[in-house]
$ cat model-v4.txt   # compact mmCIF, C-alpha atoms
# COMPACT_ATOMS: atom_id res chain seq x y z
CA MET A 1 1.81 12.11 -7.87
CA LEU A 2 -0.64 14.54 -6.41
CA SER A 3 0.89 17.82 -5.28
CA LYS A 4 0.75 18.51 -1.57
CA SER A 5 0.82 22.29 -1.98
CA GLY A 6 -0.81 24.47 0.61
CA GLU A 7 -3.89 25.25 -1.45
CA HIS A 8 -5.15 21.66 -1.22
CA GLN A 9 -6.26 19.85 1.91
CA THR A 10 -7.36 16.28 2.40
CA VAL A 11 -11.08 15.61 2.66
CA PRO A 12 -11.79 14.29 6.19
CA LEU A 13 -12.65 10.59 6.18
CA SER A 14 -15.66 11.15 8.43
CA VAL A 15 -17.08 13.65 5.95
CA LEU A 16 -16.69 11.27 3.02
CA LEU A 17 -18.28 8.32 4.79
CA LYS A 18 -21.14 10.32 6.30
CA ARG A 19 -21.79 11.87 2.91
CA GLU A 20 -22.06 8.39 1.41
CA LEU A 21 -24.33 7.05 4.15
CA ALA A 22 -26.59 10.08 3.98
CA ASN A 23 -27.23 9.64 0.28
CA GLU A 24 -29.55 6.66 -0.05
CA LYS A 25 -28.94 6.54 -3.80
CA ILE A 26 -25.32 5.56 -3.30
CA GLU A 27 -25.09 1.80 -2.84
CA ARG A 28 -22.12 -0.46 -2.34
CA PRO A 29 -20.35 -1.22 -5.61
CA GLU A 30 -20.29 -4.48 -7.48
CA ILE A 31 -16.77 -5.86 -7.68
CA THR A 32 -15.63 -8.24 -10.41
CA HIS A 33 -12.09 -9.38 -11.00
CA GLY A 34 -9.80 -11.44 -13.19
CA GLN A 35 -6.15 -12.41 -13.23
CA ALA A 36 -3.57 -13.77 -15.63
CA SER A 37 0.10 -14.73 -15.50
CA GLN A 38 2.95 -16.05 -17.61
CA SER A 39 5.65 -17.64 -15.47
CA LYS A 40 9.41 -17.56 -15.97
CA LYS A 41 10.68 -18.36 -12.47
CA GLY A 42 7.46 -19.19 -10.61
CA GLU A 43 7.97 -16.48 -7.98
CA ASP A 44 4.85 -14.34 -8.56
CA LEU A 45 1.88 -15.14 -6.30
CA THR A 46 -1.56 -13.56 -5.97
CA PHE A 47 -4.08 -13.48 -3.13
CA ILE A 48 -7.74 -12.71 -3.79
CA LYS A 49 -10.48 -12.83 -1.18
CA THR A 50 -13.84 -11.23 -1.93
CA GLU A 51 -16.89 -10.70 0.25
CA CYS A 52 -14.94 -10.96 3.51
CA GLN A 53 -17.45 -10.50 6.32
CA ARG A 54 -17.01 -8.24 9.32
CA VAL A 55 -19.53 -7.89 12.15
CA LEU A 56 -20.70 -4.31 12.52
CA GLY A 57 -23.04 -3.67 15.44
CA ASP A 58 -26.14 -5.76 14.80
CA GLY A 59 -25.30 -6.31 11.12
CA VAL A 60 -22.57 -7.56 8.82
CA THR A 61 -20.51 -5.61 6.29
CA THR A 62 -18.10 -6.89 3.66
CA TYR A 63 -14.76 -5.95 2.14
CA SER A 64 -12.49 -7.46 -0.52
CA VAL A 65 -8.73 -8.04 -0.66
CA PHE A 66 -6.49 -8.23 -3.73
CA ALA A 67 -2.74 -8.71 -3.39
CA LEU A 68 0.26 -9.45 -5.57
CA PHE A 69 3.58 -10.80 -4.28
CA ASP A 70 6.58 -10.72 -6.65
CA GLY A 71 9.22 -12.92 -5.03
CA HIS A 72 12.95 -12.91 -5.68
CA ASN A 73 15.75 -15.24 -4.62
CA GLY A 74 13.11 -17.94 -4.33
CA SER A 75 9.39 -17.90 -3.56
CA ALA A 76 9.52 -18.53 0.21
CA ALA A 77 8.89 -14.90 1.24
CA ALA A 78 6.04 -14.52 -1.25
CA ILE A 79 4.40 -17.74 -0.02
CA TYR A 80 4.77 -16.77 3.64
CA SER A 81 3.40 -13.27 3.03
CA LYS A 82 0.44 -14.61 1.07
CA GLU A 83 -0.43 -16.95 3.94
CA ASN A 84 0.04 -14.54 6.85
CA LEU A 85 -0.13 -10.86 5.86
CA LEU A 86 -3.91 -10.39 5.92
CA ASN A 87 -4.28 -11.98 9.36
CA ASN A 88 -1.45 -9.82 10.71
CA VAL A 89 -3.15 -6.69 9.39
CA LEU A 90 -6.57 -7.63 10.78
CA ASN A 91 -5.08 -8.50 14.18
CA ALA A 92 -3.73 -4.94 14.40
CA ILE A 93 -7.24 -3.44 14.12
CA PRO A 94 -9.17 -3.05 17.39
CA GLN A 95 -12.47 -4.82 17.76
CA ASP A 96 -15.91 -3.18 17.72
CA LEU A 97 -15.12 -0.32 15.34
CA ASN A 98 -17.78 1.23 13.15
CA SER A 99 -17.19 1.56 9.39
CA GLU A 100 -15.66 5.02 9.66
CA GLU A 101 -13.21 3.95 12.37
CA TRP A 102 -12.35 0.66 10.66
CA VAL A 103 -11.41 2.35 7.39
CA ALA A 104 -9.44 4.99 9.31
CA ALA A 105 -7.56 2.25 11.18
CA LEU A 106 -6.38 0.48 8.02
CA PRO A 107 -3.28 2.61 7.21
CA ARG A 108 -1.73 2.07 10.63
CA ALA A 109 -2.77 -1.59 10.76
CA LEU A 110 -1.18 -2.20 7.36
CA VAL A 111 2.14 -0.82 8.62
CA ALA A 112 2.01 -3.07 11.68
CA GLY A 113 0.98 -6.09 9.59
CA PHE A 114 3.77 -5.63 7.05
CA VAL A 115 6.44 -5.22 9.73
CA LYS A 116 5.22 -8.21 11.75
CA THR A 117 5.13 -10.40 8.63
CA ASP A 118 8.69 -9.41 7.77
CA LYS A 119 9.93 -9.93 11.33
CA ASP A 120 8.31 -13.36 11.63
CA PHE A 121 9.60 -14.47 8.23
CA GLN A 122 13.17 -13.38 8.99
CA GLU A 123 13.11 -15.49 12.15
CA ARG A 124 12.93 -18.47 9.81
CA ALA A 125 16.43 -17.52 8.57
CA GLN A 126 15.46 -17.73 4.90
CA THR A 127 17.01 -15.24 2.48
CA SER A 128 14.16 -14.91 0.02
CA GLY A 129 12.34 -11.61 -0.42
CA THR A 130 9.17 -10.26 -2.03
CA THR A 131 7.49 -7.09 -3.21
CA VAL A 132 3.89 -6.59 -2.09
CA THR A 133 0.98 -4.58 -3.46
CA PHE A 134 -1.94 -5.09 -1.09
CA VAL A 135 -5.40 -3.65 -1.76
CA ILE A 136 -8.41 -3.55 0.58
CA ILE A 137 -11.72 -2.35 -0.90
CA GLU A 138 -14.47 -1.36 1.54
CA GLY A 139 -17.44 0.21 -0.18
CA TRP A 140 -16.09 2.86 -2.54
CA VAL A 141 -12.89 3.28 -0.52
CA LEU A 142 -9.62 1.73 -1.78
CA THR A 143 -6.66 1.37 0.58
CA VAL A 144 -3.39 0.34 -1.07
CA ALA A 145 -0.17 -0.59 0.74
CA SER A 146 2.99 -1.33 -1.21
CA VAL A 147 6.66 -2.19 -0.91
CA GLY A 148 8.91 -2.84 -3.90
CA ASP A 149 8.20 -2.23 -7.58
CA SER A 150 4.88 -3.93 -8.23
CA ARG A 151 2.21 -1.29 -8.81
CA GLY A 152 -1.46 -0.55 -8.39
CA VAL A 153 -3.01 1.91 -10.86
CA LEU A 154 -6.61 3.11 -11.02
CA GLU A 155 -8.58 4.48 -13.96
CA SER A 156 -11.84 6.26 -13.19
CA ALA A 157 -14.93 5.70 -15.33
CA GLU A 158 -14.15 9.07 -16.94
CA GLY A 159 -10.66 8.01 -18.06
CA ALA A 160 -8.38 9.71 -15.52
CA ILE A 161 -5.44 7.63 -14.22
CA TYR A 162 -4.26 7.59 -10.59
CA TYR A 163 -1.11 5.90 -9.26
CA LEU A 164 -1.93 4.33 -5.90
CA SER A 165 1.43 2.75 -5.02
CA ALA A 166 5.04 3.92 -4.76
CA ASP A 167 8.00 2.57 -6.75
CA HIS A 168 10.72 1.60 -4.28
CA ARG A 169 13.51 1.06 -6.77
CA LEU A 170 16.71 2.75 -5.68
CA GLU A 171 16.88 4.50 -9.05
CA CYS A 172 13.64 6.32 -8.27
CA SER A 173 14.26 7.95 -4.89
CA GLU A 174 17.21 9.96 -3.65
CA GLU A 175 15.54 10.11 -0.23
CA GLU A 176 15.52 6.30 0.01
CA ARG A 177 19.17 6.11 -1.11
CA GLU A 178 20.15 8.61 1.58
CA ARG A 179 18.19 6.68 4.22
CA ILE A 180 20.00 3.44 3.37
CA THR A 181 23.49 4.98 3.40
CA ALA A 182 22.69 6.77 6.69
CA SER A 183 21.71 3.38 8.15
CA GLY A 184 24.97 1.71 7.16
CA GLY A 185 24.27 0.34 3.69
CA GLU A 186 26.04 1.15 0.46
CA VAL A 187 24.38 2.07 -2.82
CA GLY A 188 26.05 1.55 -6.18
CA ARG A 189 26.01 -0.31 -9.46
CA LEU A 190 27.53 -3.73 -10.08
CA ASN A 191 31.29 -3.38 -10.57
CA THR A 192 32.58 -5.77 -13.23
CA GLY A 193 36.23 -4.87 -12.66
CA GLY A 194 38.43 -2.15 -14.05
CA GLY A 195 36.09 0.52 -12.75
CA THR A 196 33.26 -0.46 -15.10
CA GLU A 197 29.81 -0.27 -13.50
CA ILE A 198 26.70 -1.77 -15.08
CA GLY A 199 23.02 -2.23 -14.37
CA PRO A 200 20.67 -0.45 -11.96
CA LEU A 201 21.58 1.00 -8.60
CA ARG A 202 21.74 -1.70 -5.94
CA CYS A 203 22.09 -1.88 -2.17
CA TRP A 204 25.20 -3.61 -0.84
CA PRO A 205 25.60 -6.10 0.72
CA GLY A 206 23.11 -8.23 -1.14
CA GLY A 207 22.80 -6.44 -4.45
CA LEU A 208 19.05 -5.73 -4.23
CA CYS A 209 17.79 -2.90 -6.42
CA LEU A 210 14.84 -2.20 -4.08
CA SER A 211 14.79 -0.09 -0.93
CA ARG A 212 11.75 -1.82 0.60
CA SER A 213 10.51 -5.40 0.63
CA ILE A 214 9.43 -8.21 2.93
CA GLY A 215 12.25 -10.64 3.70
CA ASP A 216 15.77 -10.17 2.27
CA MET A 217 17.55 -10.67 5.59
CA ASP A 218 20.83 -11.26 3.73
CA VAL A 219 20.76 -7.71 2.35
CA GLY A 220 20.36 -5.78 5.59
CA GLU A 221 17.44 -4.60 7.68
CA TYR A 222 17.65 -1.10 6.25
CA ILE A 223 15.73 -2.67 3.36
CA VAL A 224 12.53 -2.06 5.29
CA PRO A 225 9.03 -3.58 5.10
CA VAL A 226 7.28 -0.31 6.00
CA PRO A 227 4.76 0.25 3.20
CA HIS A 228 3.67 3.33 1.33
CA VAL A 229 -0.08 3.61 2.01
CA LYS A 230 -2.62 5.51 -0.03
CA GLN A 231 -6.36 5.66 0.55
CA VAL A 232 -8.86 7.07 -1.95
CA LYS A 233 -12.63 7.19 -2.40
CA LEU A 234 -14.11 6.60 -5.83
CA SER A 235 -17.16 8.38 -7.08
CA SER A 236 -20.26 6.27 -7.62
CA THR A 237 -19.38 5.94 -11.31
CA GLY A 238 -16.63 3.49 -10.31
CA GLY A 239 -13.45 2.58 -12.10
CA ARG A 240 -10.93 -0.12 -13.02
CA LEU A 241 -7.91 -1.13 -10.94
CA ILE A 242 -4.83 -2.87 -12.36
CA VAL A 243 -2.32 -4.50 -10.01
CA SER A 244 0.71 -5.94 -11.82
CA SER A 245 4.26 -7.07 -11.21
CA ASP A 246 7.23 -5.32 -12.80
CA GLY A 247 7.08 -7.83 -15.64
CA VAL A 248 4.18 -5.72 -16.92
CA TRP A 249 5.35 -2.23 -15.96
CA ASP A 250 8.87 -2.68 -17.36
CA ALA A 251 7.28 -3.33 -20.75
CA ILE A 252 4.21 -1.07 -21.05
CA SER A 253 2.87 2.14 -19.51
CA ALA A 254 -0.26 2.45 -17.43
CA GLU A 255 -1.97 4.26 -20.31
CA THR A 256 -1.15 1.38 -22.66
CA ALA A 257 -2.35 -1.19 -20.13
CA PHE A 258 -5.77 0.43 -19.76
CA GLU A 259 -6.14 1.17 -23.47
CA CYS A 260 -5.26 -2.33 -24.68
CA CYS A 261 -8.06 -3.92 -22.63
CA ARG A 262 -10.72 -1.25 -23.07
CA GLY A 263 -14.22 -2.75 -23.03
CA MET A 264 -13.05 -6.22 -21.98
CA PRO A 265 -14.29 -8.04 -18.86
CA PRO A 266 -11.67 -8.41 -16.10
CA ASP A 267 -10.48 -11.94 -17.01
CA ALA A 268 -9.93 -11.07 -20.65
CA ALA A 269 -8.43 -7.71 -19.68
CA ALA A 270 -5.80 -9.30 -17.42
CA SER A 271 -4.84 -11.78 -20.14
CA GLN A 272 -4.58 -9.02 -22.73
CA ILE A 273 -2.33 -6.89 -20.52
CA VAL A 274 0.03 -9.81 -19.90
CA LYS A 275 0.03 -10.61 -23.62
CA GLU A 276 0.89 -7.01 -24.51
CA ALA A 277 3.76 -6.92 -22.00
CA VAL A 278 5.26 -10.21 -23.20
CA GLN A 279 5.02 -9.12 -26.83
CA VAL A 280 7.11 -6.03 -26.09
CA LYS A 281 10.05 -7.61 -24.23
CA GLY A 282 9.48 -11.33 -24.32
CA LEU A 283 9.05 -13.46 -21.20
CA ARG A 284 12.11 -12.25 -19.27
CA ASP A 285 10.44 -12.29 -15.88
CA ASP A 286 7.27 -13.56 -14.21
CA THR A 287 4.50 -11.38 -15.62
CA THR A 288 1.31 -11.22 -13.54
CA CYS A 289 -1.76 -8.99 -13.62
CA ILE A 290 -4.94 -8.60 -11.55
CA VAL A 291 -7.79 -6.49 -12.94
CA VAL A 292 -10.60 -5.33 -10.65
CA ASP A 293 -13.71 -3.53 -11.86
CA ILE A 294 -15.52 -1.46 -9.22
CA GLN A 295 -18.91 -0.52 -10.65
CA PRO A 296 -22.32 0.74 -9.61
CA PRO A 297 -24.81 -2.04 -8.86
CA GLU A 298 -26.37 -3.73 -11.90
CA LYS A 299 -23.90 -2.10 -14.28
CA HIS A 300 -22.09 -5.04 -15.78
CA ASP A 301 -20.47 -3.53 -18.86
CA PRO A 302 -16.68 -2.99 -18.55
CA PRO A 303 -15.44 0.61 -18.81
CA LYS A 304 -15.79 2.06 -22.29
CA VAL A 305 -13.57 4.52 -24.11
CA PRO A 306 -13.89 7.87 -22.31
CA PRO A 307 -15.40 10.64 -24.44
CA LYS A 308 -12.36 12.83 -24.03
CA LYS A 309 -8.78 11.75 -23.34
CA GLN A 310 -7.36 13.27 -20.18
CA GLY A 311 -3.89 14.77 -20.22
CA LYS A 312 -1.65 15.02 -17.18
CA ARG A 313 -3.22 18.33 -16.20
CA GLY A 314 -6.66 16.75 -16.29
CA ILE A 315 -5.52 13.78 -14.25
CA LYS A 316 -4.22 15.92 -11.41
CA SER A 317 -7.19 18.28 -11.39
CA MET A 318 -9.62 15.38 -10.96
CA PHE A 319 -7.69 13.87 -8.05
CA ARG A 320 -8.77 16.62 -5.68
CA LYS A 321 -8.78 17.43 -2.02
CA LYS A 322 -11.17 19.67 -0.13
CA SER A 323 -10.68 21.75 2.95
CA PRO A 324 -12.60 20.64 6.06
CA GLU A 325 -14.23 24.08 6.21
CA SER A 326 -15.91 23.58 2.84
CA THR A 327 -17.81 20.56 4.15
CA SER A 328 -19.11 22.02 7.40
CA GLN A 329 -20.69 25.39 6.62
CA PRO A 330 -24.30 25.43 7.85
CA GLY A 331 -27.01 26.34 5.41
CA LYS A 332 -24.91 25.49 2.36
CA GLU A 333 -25.66 22.38 0.37
CA GLU A 334 -22.44 20.81 -0.79
CA HIS A 335 -22.06 20.06 -4.47
CA VAL A 336 -19.77 17.16 -5.34
CA GLU A 337 -18.58 16.61 -8.88
CA PRO A 338 -19.53 13.09 -9.97
CA ASP A 339 -16.25 12.42 -11.79
CA THR A 340 -13.71 12.89 -9.01
CA VAL A 341 -11.54 10.49 -7.03
CA GLU A 342 -10.85 11.97 -3.62
CA GLU A 343 -7.71 11.35 -1.62
CA MET A 344 -8.28 10.49 2.03
CA PHE A 345 -4.82 9.48 3.24
CA GLU A 346 -1.26 9.11 1.95
CA GLU A 347 1.96 8.44 3.85
CA GLY A 348 5.26 6.95 2.72
CA SER A 349 7.76 7.50 5.55
CA ALA A 350 10.06 4.54 6.27
CA PHE A 351 10.24 5.31 10.01
CA LEU A 352 7.96 3.50 12.47
CA SER A 353 7.91 6.43 14.89
CA GLU A 354 6.19 8.47 12.18
CA ARG A 355 3.89 5.69 10.93
CA LEU A 356 2.69 4.48 14.35
CA ASP A 357 2.06 8.00 15.58
CA SER A 358 -0.28 8.56 18.53
CA LYS A 359 -2.09 11.30 16.58
CA TYR A 360 -4.61 8.88 15.18
CA PRO A 361 -8.33 9.37 14.54
CA VAL A 362 -9.38 6.22 16.34
CA CYS A 363 -9.78 6.92 20.04
CA ASN A 364 -9.26 3.34 21.21
CA MET A 365 -6.50 2.41 18.76
CA PHE A 366 -3.83 2.25 21.45
CA LYS A 367 -3.70 -0.41 24.11
CA LEU A 368 -1.05 0.41 26.66
CA PHE A 369 -0.10 -3.20 27.31
CA VAL A 370 -0.07 -4.50 23.72
CA CYS A 371 2.84 -4.14 21.28
CA ALA A 372 1.82 -1.84 18.41
CA VAL A 373 3.47 -4.16 15.85
CA CYS A 374 3.15 -7.80 16.91
CA GLN A 375 0.13 -7.34 19.24
CA ALA A 376 1.87 -9.33 21.99
CA GLU A 377 0.87 -8.49 25.54
CA ILE A 378 3.38 -6.34 27.43
CA LYS A 379 3.69 -6.30 31.20
CA PRO A 380 3.25 -2.88 32.84
CA GLY A 381 6.55 -1.02 32.72
CA GLU A 382 8.12 -3.23 30.05
CA GLY A 383 6.74 -1.48 26.97
CA ILE A 384 9.16 0.77 25.06
CA SER A 385 7.72 3.97 23.59
CA ILE A 386 8.39 4.46 19.89
CA HIS A 387 9.08 8.16 20.50
CA PRO A 388 12.43 8.41 22.39
CA GLY A 389 15.07 9.94 20.16
CA THR A 390 12.52 11.59 17.85
CA THR A 391 11.66 15.26 17.54
CA GLU A 392 8.31 14.52 19.20
CA SER A 393 9.83 12.90 22.30
CA LYS A 394 10.20 16.16 24.24
CA LYS A 395 6.52 16.98 23.77
CA LEU A 396 5.23 13.65 25.04
CA ARG A 397 4.81 12.22 28.51
CA PRO A 398 6.72 9.04 29.46
CA TRP A 399 3.52 7.00 29.39
CA ASP A 400 2.39 8.18 25.95
CA GLY A 401 2.13 5.32 23.49
CA PRO A 402 2.23 3.51 21.30
CA PHE A 403 4.63 0.97 22.77
CA LEU A 404 6.73 -1.83 21.36
CA CYS A 405 7.84 -5.07 22.95
CA ARG A 406 11.60 -5.54 23.25
CA SER A 407 11.77 -7.74 20.17
CA CYS A 408 9.94 -5.25 17.95
CA GLN A 409 12.01 -2.40 19.38
CA GLU A 410 15.14 -4.29 18.29
CA LYS A 411 13.58 -4.66 14.84
CA LYS A 412 12.91 -0.90 14.72
CA ASP A 413 16.50 -0.13 15.78
CA ALA A 414 17.87 -2.44 13.09
CA MET A 415 15.76 -0.81 10.38
CA GLU A 416 17.10 2.58 11.45
CA GLY A 417 20.73 1.41 11.49
CA LYS A 418 21.07 1.52 15.28
CA ARG A 419 22.35 -2.06 15.47
CA ALA A 420 24.12 -4.35 13.01
CA PRO A 421 21.78 -6.35 10.77
CA ARG A 422 21.64 -10.08 11.32
CA GLY A 423 23.03 -12.58 8.86
CA SER A 424 24.48 -10.00 6.45
CA ARG A 425 26.52 -11.39 3.60
CA TYR A 426 27.49 -10.30 0.13
CA SER A 427 25.76 -11.94 -2.81
CA ASN A 428 24.96 -11.27 -6.43
CA GLY A 429 21.91 -9.13 -7.24
CA SER A 430 18.66 -10.98 -6.84
CA ASP A 431 16.09 -8.59 -8.23

$ encode --input "model-v4.txt" --output "C-alpha cells"
Amino acid sequence: MLSKSGEHQTVPLSVLLKRELANEKIERPEITHGQASQSKKGEDLTFIKTECQRVLGDGVTTYSVFALFDGHNGSAAAIYSKENLLNNVLNAIPQDLNSEEWVAALPRALVAGFVKTDKDFQERAQTSGTTVTFVIIEGWVLTVASVGDSRGVLESAEGAIYYLSADHRLECSEEERERITASGGEVGRLNTGGGTEIGPLRCWPGGLCLSRSIGDMDVGEYIVPVPHVKQVKLSSTGGRLIVSSDGVWDAISAETAFECCRGMPPDAAASQIVKEAVQVKGLRDDTTCIVVDIQPPEKHDPPKVPPKKQGKRGIKSMFRKKSPESTSQPGKEEHVEPDTVEEMFEEGSAFLSERLDSKYPVCNMFKLFVCAVCQAEIKPGEGISIHPGTTESKKLRPWDGPFLCRSCQEKKDAMEGKRAPRGSRYSNGSD
C-alpha cells in the first residue's frame, strides 16, 4: 500500500479535474468489460451498469458501476445488496453538483450507502452476510469501496499494479482485531477440544473470519459495514481493472492474474483468470471475476506486455502524490508524467464519526434536517450529532453536523460496542 510519509501529499481533486478539462486532447475513456464465474455454492453475485446518465447543468454526463458480492451463510445479503446498494449511495449525494463536487462526494456517500444497506437488511432478521467490492468509474477517476476479502486490483497500461481495496480478514489487521475486542467481541481460532486450535482467526460469537461485511447480524454489530474507500485518477493511457472474489485471490496472485490474460479481451480475460484459479486449488469456493478495460477512445486492443517489468519499487514510485503548492505556482507550466496513477483519496477508518466528518469539500453536503446515513428527514432539535464523545466534540458547536436520526445513532452505538448487539448467537464459522 502506498506510504503516507510526510514527503508525499495528495493531489487536490479540483486540480486533477480542472487539468483534465483544460486539456482538450484528453477525452473520456472507452470502457469495455467481461465477467466469468464457476459456482460451488451459488453465493457470488455481480452488478454491472454502464453508461449511467446524470444531468449536469444543461448537459448529461455518464458513469459506470461494477460490483461483486461474495455471500456467505446463504445468498440473501448479496441479493439485497445488489438490488439496493447503488440507490442508497446515490441518494446520499446532494442534487445539482458539478463533476468535481460529485466525484468528491462519492467517498462519503459510499459510507452512508453501505451502512444504510446493512441496517435495512438486518431489520429483515436474516443472518446471511456478504463481502462487497464496489467500483464507480467517472471519466478517468476510479472510486472503489470495499468490505470483506474480495479485491479490486488495477494494472496501468505501463504494467504497474495498484491495490484499490483493503483485505478485511482478521488475520490481516491487528488494528481490526483490537477494535472488535474493544467493542465486546472475541477473536480466536476454532477450538476442537483439548486445547487444539485450527483454521484462521475468527470473531466470536458467529465464527466469521472477516472484520467487515454487510449483514451477519448473528455475529455482532462490531462486524461493521463501513467500507475502505480509495479514489484514483488514471492517466490517459488507461489500464485494466480486475475485481474478483476470494476464490481467485486464494489461488493466484495479482501478478499471475494479469499475466495469464495478457492481450485478451475482457470476456476471455475473465474466463482465463477463473480457469487459472480453479486449476490451482480446484473448485472449493465460488470463483468469480470481472475484468474492466479503461482505454483511450478508439483504442480497442487489450493491454499488451509492458516493455519492462515493474518491481515493487517501481510500483510505488508510479503511484504518486503531489503537493498542492506544485500545482498552483504562477508562470510555471506543470509537467505531468504520462505513466502515473494519482491518488486522490483514501480512508479506511471503521468509525462513522471519522468517515462522516464535517470537513468535507462539498459546501452543500450537509443538510441539517436530514440523517447523514439513511437520508430520513429529522425534525428540528431531534437530530443527534455524530461528534459527541469524540476528540473533535470540544471544538465543535452544538449545531455542527452532520446529524443522525435516532435509529442510525443506535446503529452507530452498536457498531462501537456501546450497546449489546441484537440477535447474537454462537454458530459455526460461515466464511

$ atom_distance --input "model-v4.txt" --atom1 "CA of Val147 (chain A)" --atom2 "CA of Tyr163 (chain A)"
14.0 Å

$ closest_residue --input "model-v4.txt" --among "A:Ile223, A:Ala76, A:Trp102, A:Leu85" --to "Val55 (chain A)" --atoms "all atoms listed in the file"
A:Trp102

$ residues_around --input "model-v4.txt" --residues "region 213-216 of chain A" --least-positions-apart "3" --cutoff "6 Å" --atoms "all atoms listed in the file" --output "JSON, numbers by chain"
{"A": [77, 118, 127, 128, 129, 130, 131, 147, 148, 219, 225]}

$ axis_aligned_box --input "model-v4.txt" --around "region 269-283 of chain A" --padding-each-side "6 Å" --output "AutoDock Vina command-line options"
--center_x 0.8 --center_y -9.7 --center_z -22.1 --size_x 30.5 --size_y 19.4 --size_z 21.4

$ atom_distance --input "model-v4.txt" --atom1 "CA of Val89 (chain A)" --atom2 "CA of Met415 (chain A)"
19.8 Å

$ atom_distance --input "model-v4.txt" --atom1 "CA of Tyr222 (chain A)" --atom2 "CA of Glu186 (chain A)"
10.4 Å

$ closest_residue --input "model-v4.txt" --among "A:Ser165, A:Thr237, A:Gln95, A:Thr61" --to "Val144 (chain A)" --atoms "all atoms listed in the file"
A:Ser165

$ residues_around --input "model-v4.txt" --residues "region 26-41 of chain A" --least-positions-apart "3" --cutoff "7 Å" --atoms "only C-alpha atoms" --output "VMD selection string"
chain A and resid 20 23 139 to 140 236 266 to 267 270 to 271 274 283 to 297

$ closest_residue --input "model-v4.txt" --among "A:His387, A:Lys281, A:Lys411, A:Lys116" --to "Asp246 (chain A)" --atoms "all atoms listed in the file"
A:Lys281

$ closest_residue --input "model-v4.txt" --among "A:Leu106, A:Gly152, A:Val232, A:Val243" --to "Thr46 (chain A)" --atoms "only C-alpha atoms"
A:Val243

$ residues_around --input "model-v4.txt" --residues "Leu170 (chain A)" --least-positions-apart "4" --cutoff "7 Å" --atoms "only C-alpha atoms" --output "list in words"
Glu176, Arg177, Leu201, Arg202, Cys209, Leu210 and Ser211 of chain A
